[in-house]
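**Q** There's a structure below that I have some questions on.
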Amino acid sequence: MFYRIAKAIMTIVVYFLFAPHVIDKESFPSTGGAIVYSNHTSNFDPVILGIVLPRPISFMAKAELFQNPIISWVLKGLGAFPVKRGQADIASIKKSLQILRSQQILGIFPEGTRNKSGSELGTFANGIASIAHKAKVPVVPVAIKGGYKPFKRITVTIGQPIYFDEFQHQKSSKELLDNMSSQMENALKEML
C-alpha cells in the first residue's frame, strides 16, 4: 500500500518535472524474477525507474542511507534493502535471492556509486553477475539519459533481457562472472 501511494504521488511530480519518455517498454518481462540494472548519475535514478517500469522494484541501496531511522523506514517501505559496499555482504545476497526466487524484480546499480559523467560507465562489480547466476534469472539493461534539469525531458530506454543460458549450468568462477559482467556492461554502453 505504501509503495502504491508513494508511486502515485511521485508519478505526478516526476512527469511534471522531467516528462520521462520511455522507449521499448514492451521489452520488460511481465512475469518472473529479473534483475534491472542501470547507469547511475543521480539519486533520482531509483525514483525514475520505479515510476516508469511496470512492476515494483526492490532496490539494493548503500547501507549508509539506512542510518537515519526515518529515511530507513521510508526506504524499507518502498522495498529497498541495505548493502555494505566493498565487501561480500552475505545478508544482502540472501535478500536478493529471496526477492528473485519470489518472482519479483531486483534493482541494482552495478557501478556501485553515482557516476555523473552520464555517457560513460564505471567498471561493473561482479556482484550482479553472481546474483544472476545463482538465481538463474535474466538481467534487463536500462539506460537513463537527460541530466535531471527541471522541465528537461528524461529518456529511459529499456533493453532486451539477457538470459545467460550458456552459463546457467556452469560452475561459478571469476572468469564466468567477468564474462557475464562484460556482456552486461557492453549492452548498457550500446544503449547510452
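Simple scheme: letters A, B, ... for chains in C-alpha cells order, numbers from 1 for residues in each chain, numbers from 1 for ligands in the order shown.
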Would you pick out the contacts of Thr113 of chain A at 12 Å or less, using only C-alpha atoms, so that residues sharing its chain but fewer than 2 positions from it are not included, and give the list as a list in words?

**A**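 The residues that qualify are Ser38, Asn39, His40, Thr41, Ser42, Asn43, Asp45, Met60, Ala61, Lys62, Val83, Arg85, Gly86, Ile108, Phe109, Pro110, Glu111, Asn115, Lys116, Leu121, Gly122, Thr123, Phe124 and Ala125 of chain A.
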
**Q** Give the helix (DSSP H, G or I) residues of segment 6-187 of chain A, as DSSP finds them on the backbone, and put them as a ChimeraX atom specification.

**A** /A:6-18,25-27,45-52,63-66,69-77,90-101,127-135,165-167,174-187

**Q** Within segment 71-157 of chain A, find each residue whose DSSP state, derived from the backbone, is strand (DSSP E), and express the selection as a ChimeraX atom specification.

**A** /A:81-83,105-108,139-145,155-157

**Q** Could those residues be written to a file, using all heavy atoms, as a short mmCIF file (atom, residue, chain, number, x, y, z; two decimals), in the first residue's frame?

**A**
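Result went into out30.cif, see below:
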```cif
data_model
loop_
_atom_site.label_atom_id
_atom_site.label_comp_id
_atom_site.auth_asym_id
_atom_site.auth_seq_id
_atom_site.Cartn_x
_atom_site.Cartn_y
_atom_site.Cartn_z
N PHE A 81 16.60 -2.35 0.39
CA PHE A 81 17.30 -3.01 1.49
C PHE A 81 18.78 -2.65 1.40
O PHE A 81 19.31 -2.33 0.33
CB PHE A 81 17.09 -4.53 1.45
CG PHE A 81 17.60 -5.19 0.21
CD1 PHE A 81 18.85 -5.80 0.18
CD2 PHE A 81 16.83 -5.21 -0.95
CE1 PHE A 81 19.32 -6.41 -0.97
CE2 PHE A 81 17.29 -5.82 -2.10
CZ PHE A 81 18.54 -6.41 -2.11
N PRO A 82 19.49 -2.69 2.53
CA PRO A 82 20.88 -2.19 2.56
C PRO A 82 21.89 -3.21 2.06
O PRO A 82 21.71 -4.42 2.20
CB PRO A 82 21.11 -1.89 4.04
CG PRO A 82 20.18 -2.79 4.77
CD PRO A 82 18.98 -2.99 3.87
N VAL A 83 22.97 -2.67 1.49
CA VAL A 83 24.14 -3.47 1.13
C VAL A 83 25.37 -2.73 1.62
O VAL A 83 25.47 -1.51 1.50
CB VAL A 83 24.23 -3.73 -0.40
CG1 VAL A 83 24.32 -2.44 -1.19
CG2 VAL A 83 25.39 -4.65 -0.73
N ILE A 105 11.18 -8.27 -8.92
CA ILE A 105 12.22 -7.53 -9.63
C ILE A 105 13.20 -6.93 -8.63
O ILE A 105 12.81 -6.29 -7.65
CB ILE A 105 11.61 -6.38 -10.47
CG1 ILE A 105 10.55 -6.93 -11.45
CG2 ILE A 105 12.71 -5.62 -11.22
CD1 ILE A 105 11.08 -7.89 -12.48
N LEU A 106 14.49 -7.16 -8.89
CA LEU A 106 15.57 -6.61 -8.08
C LEU A 106 16.25 -5.50 -8.89
O LEU A 106 16.56 -5.69 -10.06
CB LEU A 106 16.58 -7.70 -7.75
CG LEU A 106 17.88 -7.27 -7.04
CD1 LEU A 106 17.59 -6.75 -5.65
CD2 LEU A 106 18.86 -8.43 -6.99
N GLY A 107 16.47 -4.35 -8.28
CA GLY A 107 17.16 -3.24 -8.93
C GLY A 107 18.55 -3.04 -8.38
O GLY A 107 18.74 -2.99 -7.16
N ILE A 108 19.55 -2.97 -9.27
CA ILE A 108 20.95 -2.79 -8.87
C ILE A 108 21.61 -1.77 -9.78
O ILE A 108 21.38 -1.76 -11.00
CB ILE A 108 21.74 -4.13 -8.96
CG1 ILE A 108 21.16 -5.18 -8.01
CG2 ILE A 108 23.22 -3.91 -8.64
CD1 ILE A 108 21.87 -6.53 -8.06
N VAL A 139 18.74 -10.54 -16.81
CA VAL A 139 19.07 -9.18 -16.41
C VAL A 139 18.58 -8.25 -17.50
O VAL A 139 18.63 -8.59 -18.68
CB VAL A 139 20.58 -8.99 -16.14
CG1 VAL A 139 21.03 -9.83 -14.96
CG2 VAL A 139 21.40 -9.32 -17.38
N VAL A 140 18.05 -7.09 -17.10
CA VAL A 140 17.47 -6.15 -18.05
C VAL A 140 18.21 -4.82 -17.96
O VAL A 140 18.13 -4.12 -16.94
CB VAL A 140 15.96 -5.91 -17.77
CG1 VAL A 140 15.37 -4.98 -18.82
CG2 VAL A 140 15.20 -7.23 -17.71
N PRO A 141 18.95 -4.45 -19.03
CA PRO A 141 19.64 -3.16 -19.01
C PRO A 141 18.67 -2.01 -19.25
O PRO A 141 17.76 -2.12 -20.07
CB PRO A 141 20.64 -3.27 -20.17
CG PRO A 141 20.02 -4.26 -21.11
CD PRO A 141 19.21 -5.20 -20.26
N VAL A 142 18.84 -0.93 -18.50
CA VAL A 142 18.01 0.26 -18.67
C VAL A 142 18.93 1.47 -18.69
O VAL A 142 19.71 1.67 -17.76
CB VAL A 142 16.97 0.39 -17.55
CG1 VAL A 142 16.14 1.66 -17.74
CG2 VAL A 142 16.06 -0.83 -17.49
N ALA A 143 18.83 2.27 -19.75
CA ALA A 143 19.66 3.48 -19.88
C ALA A 143 18.83 4.71 -19.57
O ALA A 143 17.74 4.88 -20.12
CB ALA A 143 20.21 3.57 -21.30
N ILE A 144 19.34 5.54 -18.66
CA ILE A 144 18.67 6.79 -18.30
C ILE A 144 19.51 7.94 -18.85
O ILE A 144 20.70 8.04 -18.54
CB ILE A 144 18.52 6.93 -16.77
CG1 ILE A 144 17.78 5.74 -16.19
CG2 ILE A 144 17.81 8.24 -16.42
CD1 ILE A 144 17.75 5.70 -14.67
N LYS A 145 18.89 8.80 -19.65
CA LYS A 145 19.61 9.94 -20.24
C LYS A 145 18.80 11.22 -20.05
O LYS A 145 17.57 11.18 -20.12
CB LYS A 145 19.82 9.71 -21.74
CG LYS A 145 20.71 8.52 -22.06
CD LYS A 145 20.95 8.36 -23.53
CE LYS A 145 19.91 7.44 -24.12
NZ LYS A 145 20.14 7.08 -25.49
N THR A 155 15.01 10.57 -20.89
CA THR A 155 14.70 9.43 -21.75
C THR A 155 15.16 8.16 -21.07
O THR A 155 16.30 8.07 -20.59
CB THR A 155 15.39 9.56 -23.12
OG1 THR A 155 14.96 10.78 -23.73
CG2 THR A 155 15.05 8.40 -24.03
N VAL A 156 14.26 7.18 -20.99
CA VAL A 156 14.57 5.89 -20.38
C VAL A 156 14.40 4.82 -21.46
O VAL A 156 13.30 4.64 -21.99
CB VAL A 156 13.64 5.59 -19.18
CG1 VAL A 156 13.98 4.24 -18.57
CG2 VAL A 156 13.72 6.70 -18.14
N THR A 157 15.50 4.14 -21.78
CA THR A 157 15.46 3.08 -22.80
C THR A 157 15.60 1.73 -22.11
O THR A 157 16.56 1.50 -21.37
CB THR A 157 16.59 3.27 -23.83
OG1 THR A 157 16.50 4.58 -24.38
CG2 THR A 157 16.46 2.24 -24.95
#
```

**Q** Select, from A:Ile35, A:Ala63, A:Lys76, A:His21, the residue with the minimum atom-to-atom distance to Tyr3 of chain A, counting only C-alpha atoms.

**A**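 Of A:Ile35, A:Ala63, A:Lys76, A:His21, the one nearest Tyr3 of chain A is A:Lys76, counting only C-alpha atoms.
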
**Q** To one decimal place, how far is atom CA of Lys84 of chain A from atom CA of Leu65 of chain A in Å?

**A**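 Result for atom CA of Lys84 of chain A versus atom CA of Leu65 of chain A: 10.6 Å, one decimal.
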
**Q** Go through A:Ala135, A:Met1, A:Val52, A:Leu176 one by one, measure the shortest atom-to-atom distance of each to Lys95 of chain A using only C-alpha atoms, and give the residue with the smallest value.

**A** A:Ala135
